[in-house]
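J.: Hey, dropping input.pdb in here, PDB, C-alpha atoms, pLDDT in the B column:
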ATOM      1  CA  MET B   1      75.392  57.142 109.548  1.00 66.00           C
ATOM      2  CA  ALA B   2      77.724  56.333 106.633  1.00 82.00           C
ATOM      3  CA  GLU B   3      74.908  54.650 104.714  1.00 89.00           C
ATOM      4  CA  ALA B   4      72.636  57.679 105.143  1.00 88.00           C
ATOM      5  CA  GLU B   5      75.449  59.933 103.911  1.00 87.00           C
ATOM      6  CA  LEU B   6      76.028  57.643 100.936  1.00 92.00           C
ATOM      7  CA  ASP B   7      72.309  57.661 100.081  1.00 92.00           C
ATOM      8  CA  ARG B   8      72.209  61.469 100.309  1.00 90.00           C
ATOM      9  CA  ALA B   9      75.263  61.837  98.063  1.00 93.00           C
ATOM     10  CA  LEU B  10      73.927  59.312  95.558  1.00 94.00           C
ATOM     11  CA  ASP B  11      70.640  61.231  95.453  1.00 93.00           C
ATOM     12  CA  VAL B  12      72.556  64.381  94.482  1.00 92.00           C
ATOM     13  CA  LEU B  13      74.209  62.499  91.623  1.00 95.00           C
ATOM     14  CA  LYS B  14      70.899  60.936  90.537  1.00 95.00           C
ATOM     15  CA  GLU B  15      69.277  64.386  90.441  1.00 95.00           C
ATOM     16  CA  HIS B  16      71.962  65.402  87.947  1.00 94.00           C
ATOM     17  CA  LYS B  17      71.494  62.194  85.944  1.00 95.00           C
ATOM     18  CA  VAL B  18      75.031  60.994  86.682  1.00 95.00           C
ATOM     19  CA  ARG B  19      75.537  57.319  85.910  1.00 95.00           C
ATOM     20  CA  LEU B  20      76.116  55.482  89.206  1.00 96.00           C
ATOM     21  CA  THR B  21      78.720  52.867  88.353  1.00 95.00           C
ATOM     22  CA  PRO B  22      79.886  50.388  90.992  1.00 95.00           C
ATOM     23  CA  GLN B  23      83.304  52.067  90.945  1.00 96.00           C
ATOM     24  CA  ARG B  24      81.822  55.513  91.587  1.00 96.00           C
ATOM     25  CA  LYS B  25      79.698  54.202  94.442  1.00 96.00           C
ATOM     26  CA  THR B  26      82.697  52.434  95.974  1.00 96.00           C
ATOM     27  CA  ILE B  27      84.955  55.486  95.740  1.00 97.00           C
ATOM     28  CA  LEU B  28      82.258  57.696  97.256  1.00 96.00           C
ATOM     29  CA  HIS B  29      81.649  55.198 100.073  1.00 96.00           C
ATOM     30  CA  TYR B  30      85.406  55.042 100.681  1.00 96.00           C
ATOM     31  CA  LEU B  31      85.624  58.816 101.052  1.00 95.00           C
ATOM     32  CA  ILE B  32      82.619  58.928 103.391  1.00 93.00           C
ATOM     33  CA  THR B  33      84.085  56.260 105.665  1.00 93.00           C
ATOM     34  CA  HIS B  34      87.778  57.252 105.549  1.00 90.00           C
ATOM     35  CA  HIS B  35      88.649  60.555 107.153  1.00 83.00           C
ATOM     36  CA  THR B  36      92.293  60.291 106.141  1.00 87.00           C
ATOM     37  CA  HIS B  37      92.182  62.875 103.339  1.00 90.00           C
ATOM     38  CA  PRO B  38      93.543  60.387 100.808  1.00 93.00           C
ATOM     39  CA  SER B  39      95.256  61.117  97.504  1.00 93.00           C
ATOM     40  CA  VAL B  40      94.282  59.468  94.201  1.00 95.00           C
ATOM     41  CA  GLU B  41      97.142  57.017  94.697  1.00 95.00           C
ATOM     42  CA  MET B  42      96.033  56.100  98.220  1.00 95.00           C
ATOM     43  CA  ILE B  43      92.441  55.462  97.113  1.00 97.00           C
ATOM     44  CA  TYR B  44      93.554  53.362  94.163  1.00 97.00           C
ATOM     45  CA  SER B  45      95.984  51.373  96.307  1.00 96.00           C
ATOM     46  CA  ASP B  46      93.299  50.639  98.905  1.00 96.00           C
ATOM     47  CA  LEU B  47      90.645  49.611  96.359  1.00 97.00           C
ATOM     48  CA  LYS B  48      92.488  47.953  93.461  1.00 95.00           C
ATOM     49  CA  ASP B  49      92.436  44.417  94.887  1.00 94.00           C
ATOM     50  CA  ASP B  50      88.744  44.472  95.785  1.00 93.00           C
ATOM     51  CA  VAL B  51      87.073  46.454  92.983  1.00 92.00           C
ATOM     52  CA  GLU B  52      86.726  45.208  89.427  1.00 90.00           C
ATOM     53  CA  ASN B  53      87.627  47.484  86.533  1.00 92.00           C
ATOM     54  CA  ILE B  54      89.205  50.212  88.642  1.00 95.00           C
ATOM     55  CA  SER B  55      92.204  52.193  87.474  1.00 96.00           C
ATOM     56  CA  MET B  56      94.008  55.356  88.513  1.00 96.00           C
ATOM     57  CA  ALA B  57      92.107  57.121  85.721  1.00 96.00           C
ATOM     58  CA  THR B  58      88.778  55.864  87.106  1.00 96.00           C
ATOM     59  CA  VAL B  59      89.659  57.174  90.569  1.00 97.00           C
ATOM     60  CA  TYR B  60      90.873  60.505  89.216  1.00 96.00           C
ATOM     61  CA  ASN B  61      87.841  61.004  86.950  1.00 97.00           C
ATOM     62  CA  THR B  62      85.426  60.028  89.728  1.00 97.00           C
ATOM     63  CA  LEU B  63      87.051  62.487  92.124  1.00 97.00           C
ATOM     64  CA  ARG B  64      86.788  65.277  89.520  1.00 95.00           C
ATOM     65  CA  LEU B  65      83.093  64.446  89.114  1.00 95.00           C
ATOM     66  CA  LEU B  66      82.493  64.455  92.881  1.00 95.00           C
ATOM     67  CA  VAL B  67      84.325  67.778  93.215  1.00 91.00           C
ATOM     68  CA  ASP B  68      82.221  69.250  90.397  1.00 91.00           C
ATOM     69  CA  TYR B  69      79.043  68.321  92.308  1.00 89.00           C
ATOM     70  CA  ASN B  70      80.415  69.751  95.582  1.00 85.00           C
ATOM     71  CA  LEU B  71      80.367  66.395  97.356  1.00 91.00           C
ATOM     72  CA  VAL B  72      84.134  66.255  97.726  1.00 92.00           C
ATOM     73  CA  ILE B  73      86.737  68.972  98.081  1.00 88.00           C
ATOM     74  CA  GLU B  74      90.367  69.056  97.021  1.00 88.00           C
ATOM     75  CA  LEU B  75      92.995  69.860  99.607  1.00 85.00           C
ATOM     76  CA  LYS B  76      96.556  70.839  98.752  1.00 78.00           C
ATOM     77  CA  ASN B  77      99.110  70.137 101.423  1.00 68.00           C
ATOM     78  CA  GLY B  78     102.666  71.324 101.884  1.00 64.00           C
ATOM     79  CA  ASP B  79     104.264  68.678  99.660  1.00 69.00           C
ATOM     80  CA  GLY B  80     102.312  69.804  96.599  1.00 78.00           C
ATOM     81  CA  SER B  81     100.093  66.726  96.491  1.00 84.00           C
ATOM     82  CA  THR B  82      96.316  66.848  96.252  1.00 91.00           C
ATOM     83  CA  HIS B  83      94.133  65.096  98.804  1.00 91.00           C
ATOM     84  CA  TYR B  84      90.370  64.645  98.858  1.00 93.00           C
ATOM     85  CA  ASP B  85      87.726  64.938 101.545  1.00 90.00           C
ATOM     86  CA  TYR B  86      84.016  64.133 101.575  1.00 92.00           C
ATOM     87  CA  TYR B  87      82.258  67.356 102.494  1.00 82.00           C
ATOM     88  CA  GLY B  88      78.892  66.110 103.742  1.00 78.00           C
ATOM     89  CA  HIS B  89      79.171  68.003 107.003  1.00 76.00           C
ATOM     90  CA  PRO B  90      80.679  71.461 106.596  1.00 78.00           C
ATOM     91  CA  HIS B  91      83.967  71.789 108.428  1.00 84.00           C
ATOM     92  CA  TYR B  92      87.375  73.338 108.086  1.00 88.00           C
ATOM     93  CA  HIS B  93      90.854  71.874 108.076  1.00 89.00           C
ATOM     94  CA  VAL B  94      94.047  72.254 110.015  1.00 92.00           C
ATOM     95  CA  VAL B  95      97.270  71.413 108.156  1.00 90.00           C
ATOM     96  CA  CYS B  96     100.604  70.619 109.787  1.00 92.00           C
ATOM     97  CA  ASP B  97     103.309  72.796 108.251  1.00 92.00           C
ATOM     98  CA  ASN B  98     105.942  70.217 109.192  1.00 92.00           C
ATOM     99  CA  CYS B  99     104.554  66.832 108.042  1.00 91.00           C
ATOM    100  CA  GLY B 100     101.548  67.844 105.911  1.00 87.00           C
ATOM    101  CA  LYS B 101      98.984  65.982 108.055  1.00 88.00           C
ATOM    102  CA  ILE B 102      95.440  67.289 107.523  1.00 88.00           C
ATOM    103  CA  ALA B 103      92.737  67.060 110.197  1.00 90.00           C
ATOM    104  CA  ASP B 104      89.037  67.948 110.129  1.00 87.00           C
ATOM    105  CA  VAL B 105      87.671  70.498 112.583  1.00 91.00           C
ATOM    106  CA  PHE B 106      83.929  70.341 113.203  1.00 86.00           C
ATOM    107  CA  ASP B 107      82.505  73.268 115.118  1.00 88.00           C
ATOM    108  CA  ASP B 108      78.946  74.402 115.743  1.00 85.00           C
ATOM    109  CA  HIS B 109      79.959  77.972 114.839  1.00 89.00           C
ATOM    110  CA  PHE B 110      81.488  77.080 111.464  1.00 87.00           C
ATOM    111  CA  TYR B 111      78.321  77.801 109.478  1.00 82.00           C
ATOM    112  CA  ASP B 112      78.020  81.293 110.993  1.00 88.00           C
ATOM    113  CA  ILE B 113      81.730  82.033 110.478  1.00 90.00           C
ATOM    114  CA  SER B 114      81.571  80.865 106.862  1.00 87.00           C
ATOM    115  CA  LYS B 115      78.405  82.864 106.188  1.00 88.00           C
ATOM    116  CA  ASN B 116      79.962  85.970 107.761  1.00 92.00           C
ATOM    117  CA  MET B 117      83.124  85.591 105.630  1.00 91.00           C
ATOM    118  CA  ALA B 118      80.996  85.272 102.483  1.00 91.00           C
ATOM    119  CA  GLU B 119      79.036  88.416 103.344  1.00 94.00           C
ATOM    120  CA  ILE B 120      82.173  90.452 104.099  1.00 95.00           C
ATOM    121  CA  THR B 121      83.747  89.216 100.855  1.00 95.00           C
ATOM    122  CA  ARG B 122      80.635  90.176  98.879  1.00 94.00           C
ATOM    123  CA  GLN B 123      80.557  93.642 100.433  1.00 96.00           C
ATOM    124  CA  LYS B 124      84.243  94.328  99.808  1.00 96.00           C
ATOM    125  CA  THR B 125      84.619  92.763  96.351  1.00 96.00           C
ATOM    126  CA  HIS B 126      81.091  92.450  94.939  1.00 95.00           C
ATOM    127  CA  PHE B 127      81.843  88.788  94.180  1.00 94.00           C
ATOM    128  CA  LEU B 128      78.975  86.340  94.283  1.00 90.00           C
ATOM    129  CA  VAL B 129      80.491  83.872  96.761  1.00 86.00           C
ATOM    130  CA  THR B 130      79.711  80.270  95.861  1.00 79.00           C
ATOM    131  CA  GLY B 131      81.700  78.563  98.603  1.00 77.00           C
ATOM    132  CA  ASN B 132      84.908  78.485 100.578  1.00 80.00           C
ATOM    133  CA  HIS B 133      87.409  76.062 102.008  1.00 80.00           C
ATOM    134  CA  ILE B 134      89.048  77.296 105.179  1.00 86.00           C
ATOM    135  CA  GLU B 135      92.456  76.020 106.269  1.00 88.00           C
ATOM    136  CA  VAL B 136      94.309  76.765 109.465  1.00 93.00           C
ATOM    137  CA  HIS B 137      98.029  75.989 109.529  1.00 93.00           C
ATOM    138  CA  GLY B 138     100.160  74.942 112.463  1.00 94.00           C
ATOM    139  CA  ILE B 139     102.291  72.137 113.895  1.00 95.00           C
ATOM    140  CA  CYS B 140     100.543  68.863 114.820  1.00 94.00           C
ATOM    141  CA  PRO B 141     101.004  67.288 118.274  1.00 95.00           C
ATOM    142  CA  ASP B 142     103.306  64.541 116.903  1.00 95.00           C
ATOM    143  CA  CYS B 143     105.594  67.066 115.258  1.00 94.00           C
ATOM    144  CA  GLN B 144     105.494  69.286 118.357  1.00 95.00           C
ATOM    145  CA  ARG B 145     106.877  66.338 120.340  1.00 94.00           C
ATOM    146  CA  LYS B 146     109.493  65.491 117.688  1.00 94.00           C
ATOM    147  CA  LEU B 147     110.568  69.116 117.462  1.00 94.00           C
ATOM    148  CA  HIS B 148     110.404  69.597 121.257  1.00 92.00           C
ATOM    149  CA  LEU B 149     107.851  72.410 120.896  1.00 91.00           C
ATOM    150  CA  ASN B 150     105.500  71.275 123.688  1.00 73.00           C
ATOM    151  CA  ALA B 151     104.570  74.081 126.010  1.00 57.00           C
TER     152      ALA B 151
END
Can the structure in the file be given as structure tokens, please?

T.:
Amino acid sequence: MAEAELDRALDVLKEHKVRLTPQRKTILHYLITHHTHPSVEMIYSDLKDDVENISMATVYNTLRLLVDYNLVIELKNGDGSTHYDYYGHPHYHVVCDNCGKIADVFDDHFYDISKNMAEITRQKTHFLVTGNHIEVHGICPDCQRKLHLNA
């Protein structure tokens, strides 16, 4: 499945005549196969020993490019850092307000919910909605245990 996702994403970039460098392909593959919502620093740290000619600037610039083509989204968590997520399958996120952990939530109803939100927004504001990124906040199971919040 990861290879099909990579091929689909690379096709999007090819359609826009984006140069497909080995570093860009590797960073994109990394994001498709790692659902950890990494930061620039995490990606660089994981790839620097195995990828030639990669730098923090290369990672940052590649992520900006992938965000611009709607293949990757930026996520801000509670500590002010920015994390990145491949967005091949529409989903929303849940963020722990205690530790900042971010998890993906895939739901068959997400498309309908997102479409409904866009329509309501258009009706109330007359904005042309081009997308959305939904976040739900709460306390993750690990923090619930640590904080003795289990019901």

J.: Could you list, as number ranges by chain, every residue within 12 Å of B:Ser114, counting all atoms listed in the file and ignoring same-chain residues fewer than 3 positions away?

T.: B: 90-92, 107-111, 117-121, 129-135

J.: Can you translate the PyMOL selection byres ((chain B and resi 52) around 12) into the concrete residues it hits in this file, as a PyMOL selection string?

T.: chain B and resi 21-24+26+44+47-51+53-55+58

J.: Do you know which residues the PyMOL selection byres ((chain B and resi 27) around 12) returns on this file, as a PyMOL selection string?

T.: chain B and resi 6+9-10+20-26+28-34+38-40+42-48+50-51+54-56+58-66+71-72+84-86

J.: Could you check how far atom CA of B:Asn98 sits from atom CA of B:His137, in Å to one decimal?

T.: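 Value for the atom CA of B:Asn98-atom CA of B:His137 distance: 9.8 Å.
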
J.: Please evaluate the PyMOL selection byres ((chain B and resi 101) around 10) against the displayed coordinates and give the resulting residues as a VMD selection string.

T.: chain B and resid 36 to 37 77 to 78 94 to 100 102 to 103 139 to 140 142 to 143

J.: Suppose you want the space between atom CA of B:Asn116 and atom CA of B:His93; what is it in Å?

T.: 17.8 Å

J.: Expressed in Å to a single decimal, how great is the separation between atom CA of B:Glu3 and atom CA of B:His89?

T.: 14.2 Å

J.: Counting all atoms listed in the file, which of B:His126, B:Val67, B:His35, B:Gly80 gets nearest to B:Leu13?

T.: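 For B:Leu13, the nearest of the candidates is B:Val67.
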
J.: With distances taken over all atoms listed in the file, which residue among B:His16, B:Leu147, B:Glu41, B:Lys115 lies nearest B:Thr82?

T.: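 Answer, going by the shortest atom-to-atom distance: B:Glu41.
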
J.: Pick from B:Val105, B:Val136, B:Tyr69, B:Asp112: nearest to B:Lys14, with all atoms listed in the file counted?

T.: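 Residue with the minimum atom-to-atom distance to B:Lys14: B:Tyr69.
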
J.: I need stretch 56-74 of chain B from the structure I supplied, saved as an mmCIF file, in the first residue's frame with N, CA and C atoms retained.

T.:
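Saved the output as out_16.cif:
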data_model
loop_
_atom_site.group_PDB
_atom_site.id
_atom_site.type_symbol
_atom_site.label_atom_id
_atom_site.label_comp_id
_atom_site.auth_asym_id
_atom_site.auth_seq_id
_atom_site.Cartn_x
_atom_site.Cartn_y
_atom_site.Cartn_z
ATOM 1 N N MET B 56 18.887 20.016 7.193
ATOM 2 C CA MET B 56 17.638 20.500 7.803
ATOM 3 C C MET B 56 16.897 21.381 6.787
ATOM 4 N N ALA B 57 17.654 22.182 6.038
ATOM 5 C CA ALA B 57 17.029 23.058 5.045
ATOM 6 C C ALA B 57 16.335 22.244 3.959
ATOM 7 N N THR B 58 16.960 21.145 3.539
ATOM 8 C CA THR B 58 16.343 20.272 2.525
ATOM 9 C C THR B 58 15.032 19.709 3.044
ATOM 10 N N VAL B 59 15.038 19.243 4.294
ATOM 11 C CA VAL B 59 13.814 18.683 4.884
ATOM 12 C C VAL B 59 12.743 19.767 4.979
ATOM 13 N N TYR B 60 13.123 20.918 5.512
ATOM 14 C CA TYR B 60 12.161 22.008 5.667
ATOM 15 C C TYR B 60 11.580 22.426 4.307
ATOM 16 N N ASN B 61 12.437 22.655 3.331
ATOM 17 C CA ASN B 61 11.972 23.092 2.011
ATOM 18 C C ASN B 61 11.105 22.038 1.327
ATOM 19 N N THR B 62 11.448 20.769 1.503
ATOM 20 C CA THR B 62 10.637 19.694 0.926
ATOM 21 C C THR B 62 9.267 19.651 1.581
ATOM 22 N N LEU B 63 9.224 19.804 2.891
ATOM 23 C CA LEU B 63 7.937 19.803 3.595
ATOM 24 C C LEU B 63 7.065 20.973 3.134
ATOM 25 N N ARG B 64 7.652 22.148 2.960
ATOM 26 C CA ARG B 64 6.902 23.311 2.475
ATOM 27 C C ARG B 64 6.301 23.004 1.087
ATOM 28 N N LEU B 65 7.102 22.391 0.238
ATOM 29 C CA LEU B 65 6.656 22.015 -1.098
ATOM 30 C C LEU B 65 5.489 21.032 -1.026
ATOM 31 N N LEU B 66 5.626 20.010 -0.183
ATOM 32 C CA LEU B 66 4.579 18.993 -0.051
ATOM 33 C C LEU B 66 3.306 19.571 0.549
ATOM 34 N N VAL B 67 3.442 20.534 1.446
ATOM 35 C CA VAL B 67 2.275 21.225 2.003
ATOM 36 C C VAL B 67 1.603 22.050 0.901
ATOM 37 N N ASP B 68 2.405 22.739 0.109
ATOM 38 C CA ASP B 68 1.855 23.571 -0.972
ATOM 39 C C ASP B 68 1.042 22.751 -1.968
ATOM 40 N N TYR B 69 1.418 21.490 -2.174
ATOM 41 C CA TYR B 69 0.686 20.625 -3.109
ATOM 42 C C TYR B 69 -0.340 19.736 -2.403
ATOM 43 N N ASN B 70 -0.649 20.075 -1.161
ATOM 44 C CA ASN B 70 -1.696 19.397 -0.377
ATOM 45 C C ASN B 70 -1.462 17.900 -0.204
ATOM 46 N N LEU B 71 -0.206 17.494 -0.200
ATOM 47 C CA LEU B 71 0.120 16.094 0.067
ATOM 48 C C LEU B 71 0.411 15.869 1.548
ATOM 49 N N VAL B 72 0.812 16.922 2.210
ATOM 50 C CA VAL B 72 1.191 16.874 3.616
ATOM 51 C C VAL B 72 0.532 18.057 4.302
ATOM 52 N N ILE B 73 0.158 17.864 5.560
ATOM 53 C CA ILE B 73 -0.398 18.972 6.327
ATOM 54 C C ILE B 73 0.490 19.256 7.522
ATOM 55 N N GLU B 74 0.449 20.504 7.968
ATOM 56 C CA GLU B 74 1.166 20.922 9.166
ATOM 57 C C GLU B 74 0.233 20.811 10.358
#
